[in-house]
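Colleague: Structure file model-v2.csv (CSV, C-alpha atoms) right here:
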```csv
chain,number,residue,atom,x,y,z
C,1,MET,CA,-9.4,-20.9,20.5
C,2,GLU,CA,-12.9,-21.2,19.1
C,3,LYS,CA,-14.5,-24.6,19.2
C,4,LYS,CA,-14.8,-26.0,15.7
C,5,THR,CA,-17.9,-27.8,14.6
C,6,PRO,CA,-17.5,-31.5,13.8
C,7,ILE,CA,-17.7,-30.8,10.1
C,8,LEU,CA,-15.0,-28.1,10.2
C,9,ASP,CA,-13.1,-30.4,12.6
C,10,GLU,CA,-13.2,-33.1,10.0
C,11,ILE,CA,-12.0,-30.8,7.2
C,12,GLY,CA,-9.3,-29.3,9.3
C,13,ARG,CA,-7.4,-26.1,8.5
C,14,LYS,CA,-6.0,-27.3,5.2
C,15,HIS,CA,-7.3,-25.4,2.2
C,16,GLY,CA,-6.0,-27.7,-0.6
C,17,MET,CA,-4.4,-25.0,-2.6
C,18,LYS,CA,-0.8,-25.2,-3.7
C,19,VAL,CA,1.8,-23.1,-5.6
C,20,PRO,CA,4.3,-23.9,-8.4
C,21,GLU,CA,7.6,-25.4,-7.3
C,22,ASN,CA,10.1,-22.9,-5.8
C,23,TYR,CA,7.5,-20.2,-6.3
C,24,PHE,CA,8.4,-18.1,-3.2
C,25,ALA,CA,12.1,-18.3,-3.8
C,26,ASP,CA,11.7,-17.3,-7.4
C,27,PHE,CA,9.2,-14.6,-6.6
C,28,ALA,CA,11.5,-12.8,-4.2
C,29,GLY,CA,14.3,-12.7,-6.8
C,30,LYS,CA,12.0,-11.6,-9.6
C,31,MET,CA,10.4,-8.9,-7.4
C,32,ALA,CA,13.8,-7.5,-6.4
C,33,ASP,CA,14.8,-7.3,-10.1
C,34,SER,CA,11.5,-5.7,-11.2
C,35,LEU,CA,11.5,-2.9,-8.6
C,36,PRO,CA,11.7,0.4,-10.5
C,37,GLU,CA,14.6,2.7,-9.7
C,38,ARG,CA,13.4,5.6,-7.7
C,39,GLU,CA,14.7,8.5,-5.8
C,40,ILE,CA,13.7,8.4,-2.2
C,41,GLN,CA,12.3,11.8,-1.5
C,42,LEU,CA,13.2,12.8,2.0
C,43,PRO,CA,10.7,15.0,3.8
C,44,GLU,CA,11.2,18.7,2.9
C,45,GLN,CA,12.9,20.8,5.6
C,46,PRO,CA,10.8,23.9,6.4
C,47,THR,CA,12.3,27.2,5.1
C,48,LEU,CA,13.2,30.1,7.4
C,49,TRP,CA,10.1,31.9,6.1
C,50,LEU,CA,7.8,29.0,7.0
C,51,ARG,CA,9.3,28.8,10.5
C,52,VAL,CA,9.0,32.6,11.3
C,53,LYS,CA,5.6,33.1,9.4
C,54,PRO,CA,3.4,32.4,12.4
C,55,TRP,CA,5.3,34.8,14.6
C,56,ILE,CA,5.3,37.5,12.0
C,57,TYR,CA,1.5,37.1,11.5
C,58,MET,CA,1.0,37.2,15.3
C,59,ALA,CA,3.1,40.4,15.6
C,60,ALA,CA,1.2,42.0,12.7
C,61,MET,CA,-2.1,41.1,14.4
C,62,PHE,CA,-1.1,42.7,17.7
C,63,ALA,CA,0.2,45.8,15.9
C,64,GLY,CA,-3.1,46.0,14.1
C,65,ILE,CA,-5.0,45.7,17.4
C,66,TRP,CA,-2.8,48.3,19.0
C,67,LEU,CA,-3.4,50.8,16.1
C,68,MET,CA,-7.1,50.2,16.2
C,69,MET,CA,-7.2,50.8,20.0
C,70,LYS,CA,-5.2,54.0,19.5
C,71,MET,CA,-7.6,55.2,16.7
C,72,PHE,CA,-10.8,54.4,18.7
C,73,THR,CA,-9.4,56.1,21.8
C,74,GLY,CA,-8.8,59.2,19.8
C,75,ILE,CA,-12.4,59.1,18.3
C,76,PHE,CA,-14.0,58.7,21.7
C,77,SER,CA,-12.0,61.5,23.2
C,78,VAL,CA,-13.1,63.8,20.5
C,79,GLU,CA,-16.7,62.8,21.1
C,80,LYS,CA,-16.4,63.6,24.8
C,81,GLY,CA,-14.7,67.0,24.0
C,82,GLU,CA,-11.3,65.9,25.4
C,83,THR,CA,-9.2,66.6,22.4
C,84,PRO,CA,-5.5,66.5,23.0
C,85,ASP,CA,-5.4,70.3,22.0
C,86,VAL,CA,-7.5,71.2,25.0
C,87,GLU,CA,-4.5,71.1,27.3
C,88,MET,CA,-2.5,73.3,24.9
C,89,THR,CA,-5.4,75.8,24.6
C,90,ALA,CA,-5.7,76.0,28.3
C,91,SER,CA,-2.0,76.7,28.8
C,92,ALA,CA,-2.2,79.4,26.0
C,93,GLY,CA,-5.1,81.0,27.8
C,94,GLU,CA,-3.2,80.9,31.0
C,95,GLU,CA,-0.2,82.7,29.4
C,96,ARG,CA,-2.5,85.4,28.0
C,97,LEU,CA,-4.0,85.9,31.5
C,98,ILE,CA,-0.5,86.4,33.0
C,99,GLU,CA,0.4,88.9,30.3
C,100,ASP,CA,-2.8,90.9,30.9
C,101,GLU,CA,-2.1,91.0,34.7
C,102,TRP,CA,1.4,92.2,34.0
C,103,ILE,CA,0.1,94.9,31.7
C,104,ALA,CA,-2.5,96.0,34.3
C,105,HIS,CA,-0.1,96.2,37.2
C,106,TYR,CA,3.2,97.4,35.6
C,107,VAL,CA,2.3,99.4,32.5
C,108,ASP,CA,0.8,102.8,32.9
C,109,ASP,CA,-1.7,104.3,30.4
C,110,TYR,CA,0.9,106.4,28.6
C,111,THR,CA,3.2,103.4,28.0
C,112,ALA,CA,0.3,101.3,26.9
C,113,TYR,CA,-0.8,103.9,24.3
C,114,GLU,CA,2.8,104.2,23.2
C,115,MET,CA,3.1,100.4,22.7
C,116,LEU,CA,-0.1,100.4,20.7
C,117,TYR,CA,1.1,103.2,18.4
C,118,THR,CA,4.5,101.6,18.0
C,119,ASP,CA,2.8,98.4,16.8
C,120,GLY,CA,1.1,100.5,14.2
C,121,ASP,CA,-2.5,99.4,15.2
C,122,TYR,CA,-3.8,103.0,15.0
U,1,MET,CA,21.7,-15.2,5.1
U,2,GLN,CA,21.5,-12.8,8.1
U,3,GLU,CA,18.6,-13.4,10.4
U,4,TYR,CA,15.6,-11.1,9.8
U,5,ASN,CA,15.4,-8.3,12.3
U,6,GLU,CA,12.4,-6.0,11.8
U,7,ASP,CA,13.8,-3.0,13.7
U,8,ILE,CA,17.1,-3.1,11.7
U,9,VAL,CA,15.1,-3.5,8.4
U,10,ILE,CA,12.8,-0.6,9.3
U,11,GLU,CA,15.9,1.6,10.0
U,12,GLN,CA,17.4,0.6,6.7
U,13,LEU,CA,14.2,1.4,4.9
U,14,GLN,CA,14.5,5.0,6.0
U,15,LYS,CA,18.0,5.4,4.4
U,16,PRO,CA,18.3,5.9,0.7
U,17,ALA,CA,21.6,3.9,0.6
U,18,THR,CA,20.1,0.7,2.1
U,19,VAL,CA,16.4,1.0,1.2
U,20,ARG,CA,16.5,-1.3,-1.8
U,21,GLN,CA,18.4,-4.1,-0.1
U,22,ALA,CA,16.1,-3.8,3.0
U,23,PHE,CA,13.0,-3.9,0.8
U,24,ALA,CA,14.3,-7.2,-0.8
U,25,ARG,CA,14.4,-8.6,2.7
U,26,VAL,CA,10.9,-7.5,3.3
U,27,VAL,CA,9.7,-9.2,0.1
U,28,GLU,CA,11.4,-12.4,1.2
U,29,GLN,CA,9.9,-12.3,4.7
U,30,TYR,CA,6.3,-11.4,3.8
U,31,SER,CA,5.7,-12.8,0.3
U,32,ARG,CA,4.4,-16.1,1.7
U,33,PRO,CA,1.9,-14.9,4.3
U,34,LEU,CA,0.6,-12.2,2.0
U,35,TYR,CA,0.3,-14.6,-0.9
U,36,TRP,CA,-1.8,-17.0,1.0
U,37,GLN,CA,-4.0,-14.2,2.4
U,38,ILE,CA,-4.6,-13.0,-1.2
U,39,ARG,CA,-4.9,-16.5,-2.7
U,40,LYS,CA,-7.6,-17.5,-0.2
U,41,MET,CA,-9.7,-14.6,-1.3
U,42,VAL,CA,-9.3,-14.9,-5.1
U,43,LEU,CA,-8.6,-18.6,-5.3
U,44,SER,CA,-6.6,-18.4,-8.6
U,45,HIS,CA,-2.8,-18.6,-8.4
U,46,ASP,CA,-2.3,-16.3,-11.3
U,47,ASP,CA,-4.5,-13.6,-9.9
U,48,ALA,CA,-2.9,-14.0,-6.5
U,49,ASN,CA,0.6,-13.7,-8.1
U,50,ASP,CA,-0.4,-10.5,-9.9
U,51,LEU,CA,-2.0,-9.0,-6.7
U,52,LEU,CA,1.1,-9.9,-4.7
U,53,GLN,CA,3.3,-8.1,-7.2
U,54,ASN,CA,1.0,-5.1,-7.1
U,55,THR,CA,1.1,-5.1,-3.3
U,56,PHE,CA,4.9,-4.9,-3.2
U,57,LEU,CA,5.1,-2.4,-6.0
U,58,LYS,CA,2.6,-0.1,-4.1
U,59,ALA,CA,4.6,-0.6,-0.9
U,60,TRP,CA,7.8,0.3,-2.8
U,61,GLY,CA,6.2,3.3,-4.3
U,62,SER,CA,5.2,4.7,-0.9
U,63,ILE,CA,8.0,3.4,1.2
U,64,GLU,CA,9.0,6.9,2.4
U,65,TYR,CA,5.6,7.3,4.0
U,66,PHE,CA,6.2,4.3,6.2
U,67,ARG,CA,7.5,5.8,9.4
U,68,GLY,CA,7.5,2.7,11.6
U,69,ASP,CA,4.4,3.9,13.6
U,70,ALA,CA,2.5,0.8,12.7
U,71,LYS,CA,4.0,-2.7,12.3
U,72,LEU,CA,5.5,-3.4,8.8
U,73,SER,CA,3.3,-6.5,8.6
U,74,THR,CA,0.2,-4.5,9.4
U,75,TRP,CA,1.1,-1.9,6.7
U,76,LEU,CA,1.7,-4.6,4.1
U,77,TYR,CA,-1.4,-6.6,5.0
U,78,ARG,CA,-3.5,-3.4,4.6
U,79,ILE,CA,-2.1,-2.8,1.1
U,80,ALA,CA,-2.7,-6.5,0.2
U,81,VAL,CA,-6.3,-6.4,1.5
U,82,ASN,CA,-7.0,-3.2,-0.4
U,83,GLU,CA,-5.6,-4.6,-3.6
U,84,THR,CA,-7.6,-7.7,-3.2
U,85,LEU,CA,-10.9,-6.0,-2.5
U,86,THR,CA,-10.4,-3.6,-5.4
U,87,PHE,CA,-9.7,-6.5,-7.7
U,88,LEU,CA,-12.9,-8.3,-6.5
U,89,ALA,CA,-14.9,-5.2,-6.9
U,90,LYS,CA,-13.7,-4.8,-10.5
U,91,GLU,CA,-14.4,-8.5,-11.2
U,92,ARG,CA,-18.0,-8.1,-9.9
U,93,GLU,CA,-18.5,-5.0,-11.9
U,94,ARG,CA,-17.2,-6.8,-15.0
U,95,ARG,CA,-19.8,-9.5,-14.4
U,96,ASN,CA,-22.6,-7.0,-13.5
U,97,LEU,CA,-22.9,-8.4,-10.0
U,98,THR,CA,-23.9,-6.4,-6.9
U,99,ALA,CA,-21.6,-5.9,-4.0
U,100,ASP,CA,-23.6,-8.2,-1.8
U,101,ALA,CA,-23.8,-11.1,-4.2
U,102,ALA,CA,-21.9,-14.2,-3.3
U,103,ASP,CA,-18.6,-14.5,-5.2
U,104,ASP,CA,-19.7,-17.8,-6.8
U,105,PHE,CA,-17.8,-16.9,-10.0
U,106,LEU,CA,-14.6,-17.5,-8.1
U,107,LEU,CA,-15.6,-21.2,-7.9
U,108,LEU,CA,-14.7,-21.5,-11.5
U,109,ASN,CA,-11.2,-20.5,-10.5
U,110,ILE,CA,-11.0,-23.4,-8.1
U,111,GLU,CA,-12.6,-25.9,-10.5
U,112,SER,CA,-10.2,-25.0,-13.3
U,113,GLU,CA,-7.3,-24.3,-11.0
U,114,GLU,CA,-4.2,-26.3,-11.8
U,115,PHE,CA,-2.8,-25.5,-8.3
U,116,PHE,CA,-5.7,-27.0,-6.3
U,117,ASP,CA,-5.6,-30.5,-5.1
U,118,GLY,CA,-8.0,-30.4,-2.2
U,119,ASN,CA,-10.5,-33.2,-1.5
U,120,ARG,CA,-14.2,-32.8,-1.9
U,121,ALA,CA,-14.6,-31.5,1.7
U,122,GLN,CA,-12.0,-28.8,1.2
U,123,LYS,CA,-13.7,-27.8,-2.0
U,124,LEU,CA,-17.0,-27.7,-0.3
U,125,LEU,CA,-15.5,-25.5,2.4
U,126,GLN,CA,-14.3,-23.1,-0.2
U,127,GLU,CA,-17.8,-23.0,-1.7
U,128,ALA,CA,-19.2,-22.3,1.7
U,129,ILE,CA,-16.7,-19.5,2.4
U,130,LEU,CA,-17.7,-17.9,-0.9
U,131,GLN,CA,-21.2,-17.5,0.3
U,132,LEU,CA,-20.0,-15.0,2.9
U,133,PRO,CA,-19.8,-11.2,2.3
U,134,GLU,CA,-16.2,-10.4,1.4
U,135,LYS,CA,-15.3,-8.7,4.7
U,136,GLN,CA,-16.6,-11.7,6.7
U,137,ARG,CA,-14.6,-13.9,4.3
U,138,LEU,CA,-11.5,-12.0,5.1
U,139,VAL,CA,-12.1,-12.4,8.8
U,140,PHE,CA,-12.9,-16.1,8.6
U,141,ASN,CA,-9.8,-16.8,6.5
U,142,MET,CA,-7.5,-14.8,8.8
U,143,ARG,CA,-8.8,-16.5,11.9
U,144,TYR,CA,-9.6,-20.0,10.7
U,145,PHE,CA,-6.7,-20.8,8.4
U,146,ASP,CA,-4.0,-18.5,9.8
U,147,GLU,CA,-5.1,-18.4,13.4
U,148,MET,CA,-4.3,-14.7,13.4
U,149,LYS,CA,-4.9,-12.8,16.7
U,150,TYR,CA,-8.0,-10.6,16.8
U,151,GLU,CA,-5.8,-7.7,17.9
U,152,ASP,CA,-3.7,-8.0,14.7
U,153,MET,CA,-6.8,-8.4,12.6
U,154,SER,CA,-8.2,-5.3,14.2
U,155,GLU,CA,-5.2,-3.2,13.2
U,156,ILE,CA,-5.2,-4.5,9.6
U,157,LEU,CA,-8.9,-4.2,9.0
U,158,GLY,CA,-9.6,-1.1,11.2
U,159,THR,CA,-12.5,-2.9,13.0
U,160,SER,CA,-12.9,-3.4,16.8
U,161,VAL,CA,-12.0,-6.8,18.3
U,162,GLY,CA,-15.6,-7.3,19.5
U,163,ALA,CA,-16.9,-6.7,16.0
U,164,LEU,CA,-14.4,-9.2,14.6
U,165,LYS,CA,-15.2,-11.8,17.1
U,166,ALA,CA,-18.9,-11.4,16.3
U,167,SER,CA,-18.2,-11.5,12.6
U,168,TYR,CA,-16.1,-14.7,12.9
U,169,HIS,CA,-18.8,-16.5,14.9
U,170,HIS,CA,-21.5,-15.5,12.4
U,171,ALA,CA,-19.3,-16.7,9.5
U,172,ALA,CA,-18.5,-20.0,11.2
U,173,LYS,CA,-22.2,-20.6,11.9
U,174,LYS,CA,-23.2,-19.9,8.2
U,175,ILE,CA,-20.4,-22.2,7.0
U,176,GLU,CA,-21.5,-24.9,9.4
U,177,GLU,CA,-25.1,-24.7,8.1
U,178,TYR,CA,-24.0,-24.7,4.5
U,179,LEU,CA,-21.8,-27.7,5.1
U,180,GLU,CA,-24.5,-29.6,7.1
U,181,GLU,CA,-26.9,-29.2,4.2
U,182,ARG,CA,-24.5,-30.7,1.7
U,183,VAL,CA,-22.5,-33.3,3.5
```
Represent the structure contained in this file as structure tokens.

Modeller:
Amino acid sequence: MEKKTPILDEIGRKHGMKVPENYFADFAGKMADSLPEREIQLPEQPTLWLRVKPWIYMAAMFAGIWLMMKMFTGIFSVEKGETPDVEMTASAGEERLIEDEWIAHYVDDYTAYEMLYTDGDY
Amino acid sequence: MQEYNEDIVIEQLQKPATVRQAFARVVEQYSRPLYWQIRKMVLSHDDANDLLQNTFLKAWGSIEYFRGDAKLSTWLYRIAVNETLTFLAKERERRNLTADAADDFLLLNIESEEFFDGNRAQKLLQEAILQLPEKQRLVFNMRYFDEMKYEDMSEILGTSVGALKASYHHAAKKIEEYLEERV
């Protein structure tokens, strides 16, 4: 406890103020009567949408990133000449080569002419 | 009358069925200390009575926001202090006084106050207290008259214990000087 000065010591801790008789007993009663009626609002429960919203946003973000990566990978492959069609073109060329070899080995000149005329090219 | 148990009262305050009854217990329990806290700041009984009513009405109006994280007394003291400081600011504004000016106008309250029967020394002490800035006045009243712990004051006023101790010592020194000149 702080040391009081002689003057404060002399005055003491009394302030000299008083209240009307029965003030506090009456106050509590009057206050209880004067409290307005009110509905106590309980904190709102979060809806299903509010609860799942962050997860949906996160999933949408990852889906967006995945799509962008997919798109950029496609663009860079085209720039490097590695289109997805290249494989198909190569296999088609291979097929034609095999066909040419078959014609060269197993089809004689006469049959070849005959095939050409049958197709109606000449 | 059942003994006042703060934990039970706080629990009842959270339930719509018991909130009104519990709040009446709170009013009974805290009206006296809050009244004196306000009265020592405004000096007039009528003003203190109005401010005490406003304090409880504000508390009632926002009772659902009281979650029991802080002490009930701290929460109520904070409301009472805010109400009092707002009232004093309005009074100063009405009288065209700056925020730093001593609240000498409150002396009139004590001079014309029906509910003051202090002696000359007690009146002089009130005069001396009115020379202090309002925050220092709050600190001095809480500590000197109510012997409130600095830790509790710190929670109510949102100021560090060290700052409160320093504020109290400055206040006591100023009051001592004021009294020495006049006694």

Colleague: Name the closest residue to chain C among the candidates U:Leu108, U:Ile156, U:Ala48, U:Leu76; distances are taken between atoms, counting all atoms listed in the file.

Modeller: U:Ala48

Colleague: Work out how far apart CA of Trp60 in chain U and CA of Arg39 in chain U are and give it in Å to one decimal.

Modeller: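 CA of Arg39 in chain U lies at a distance of 21.1 Å from CA of Trp60 in chain U.
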
Colleague: Give me, as a Markdown table, the closest atom pair and its distance (Å, one decimal) for every residue of range 34-80 of chain U within a cut-off of 12 Å of range 18-38 of chain C, counting all atoms listed in the file, rows sorted by chain and rising number.

Modeller:
```
| residue | atom | partner | partner_atom | distance |
| --- | --- | --- | --- | --- |
| U:Leu34 | CA | C:Phe24 | CA | 11.1 |
| U:Tyr35 | CA | C:Phe24 | CA | 9.1 |
| U:Trp36 | CA | C:Lys18 | CA | 9.5 |
| U:Arg39 | CA | C:Lys18 | CA | 9.7 |
| U:Lys40 | CA | C:Lys18 | CA | 10.9 |
| U:Leu43 | CA | C:Lys18 | CA | 10.3 |
| U:Ser44 | CA | C:Val19 | CA | 10.1 |
| U:His45 | CA | C:Val19 | CA | 7.0 |
| U:Asp46 | CA | C:Val19 | CA | 9.8 |
| U:Ala48 | CA | C:Val19 | CA | 10.3 |
| U:Asn49 | CA | C:Phe27 | CA | 8.8 |
| U:Asp50 | CA | C:Phe27 | CA | 10.9 |
| U:Leu52 | CA | C:Phe27 | CA | 9.6 |
| U:Gln53 | CA | C:Met31 | CA | 7.1 |
| U:Asn54 | CA | C:Met31 | CA | 10.1 |
| U:Thr55 | CA | C:Met31 | CA | 10.9 |
| U:Phe56 | CA | C:Met31 | CA | 8.0 |
| U:Leu57 | CA | C:Leu35 | CA | 6.9 |
| U:Lys58 | CA | C:Leu35 | CA | 10.4 |
| U:Ala59 | CA | C:Leu35 | CA | 10.6 |
| U:Trp60 | CA | C:Leu35 | CA | 7.6 |
| U:Gly61 | CA | C:Arg38 | CA | 8.3 |
| U:Ser62 | CA | C:Arg38 | CA | 10.7 |
| U:Ile63 | CA | C:Arg38 | CA | 10.6 |
| U:Glu64 | CA | C:Arg38 | CA | 11.1 |
```

Colleague: Since we have the selection now, will you write its residues out, keeping C-alpha atoms, as a PDB file, keeping the file's coordinate frame?

Modeller:
```pdb
ATOM      1  CA  LEU U  34       0.600 -12.200   2.000  1.00  0.00           C
ATOM      2  CA  TYR U  35       0.300 -14.600  -0.900  1.00  0.00           C
ATOM      3  CA  TRP U  36      -1.800 -17.000   1.000  1.00  0.00           C
ATOM      4  CA  ARG U  39      -4.900 -16.500  -2.700  1.00  0.00           C
ATOM      5  CA  LYS U  40      -7.600 -17.500  -0.200  1.00  0.00           C
ATOM      6  CA  LEU U  43      -8.600 -18.600  -5.300  1.00  0.00           C
ATOM      7  CA  SER U  44      -6.600 -18.400  -8.600  1.00  0.00           C
ATOM      8  CA  HIS U  45      -2.800 -18.600  -8.400  1.00  0.00           C
ATOM      9  CA  ASP U  46      -2.300 -16.300 -11.300  1.00  0.00           C
ATOM     10  CA  ALA U  48      -2.900 -14.000  -6.500  1.00  0.00           C
ATOM     11  CA  ASN U  49       0.600 -13.700  -8.100  1.00  0.00           C
ATOM     12  CA  ASP U  50      -0.400 -10.500  -9.900  1.00  0.00           C
ATOM     13  CA  LEU U  52       1.100  -9.900  -4.700  1.00  0.00           C
ATOM     14  CA  GLN U  53       3.300  -8.100  -7.200  1.00  0.00           C
ATOM     15  CA  ASN U  54       1.000  -5.100  -7.100  1.00  0.00           C
ATOM     16  CA  THR U  55       1.100  -5.100  -3.300  1.00  0.00           C
ATOM     17  CA  PHE U  56       4.900  -4.900  -3.200  1.00  0.00           C
ATOM     18  CA  LEU U  57       5.100  -2.400  -6.000  1.00  0.00           C
ATOM     19  CA  LYS U  58       2.600  -0.100  -4.100  1.00  0.00           C
ATOM     20  CA  ALA U  59       4.600  -0.600  -0.900  1.00  0.00           C
ATOM     21  CA  TRP U  60       7.800   0.300  -2.800  1.00  0.00           C
ATOM     22  CA  GLY U  61       6.200   3.300  -4.300  1.00  0.00           C
ATOM     23  CA  SER U  62       5.200   4.700  -0.900  1.00  0.00           C
ATOM     24  CA  ILE U  63       8.000   3.400   1.200  1.00  0.00           C
ATOM     25  CA  GLU U  64       9.000   6.900   2.400  1.00  0.00           C
TER      26      GLU U  64
END
```

Colleague: I need the contact residues of chain U against chain C, so if you could list those with any atom within 9 Å, counting all atoms listed in the file, and return them as number ranges by chain, that would help.

Modeller: U: 14-16, 19-21, 23-25, 27-28, 31-32, 39-40, 43, 45, 49, 53, 56-57, 60-61, 63-64, 110, 113-119, 121-123, 125-126, 144-147, 169, 172-173, 175-176, 179-180, 183
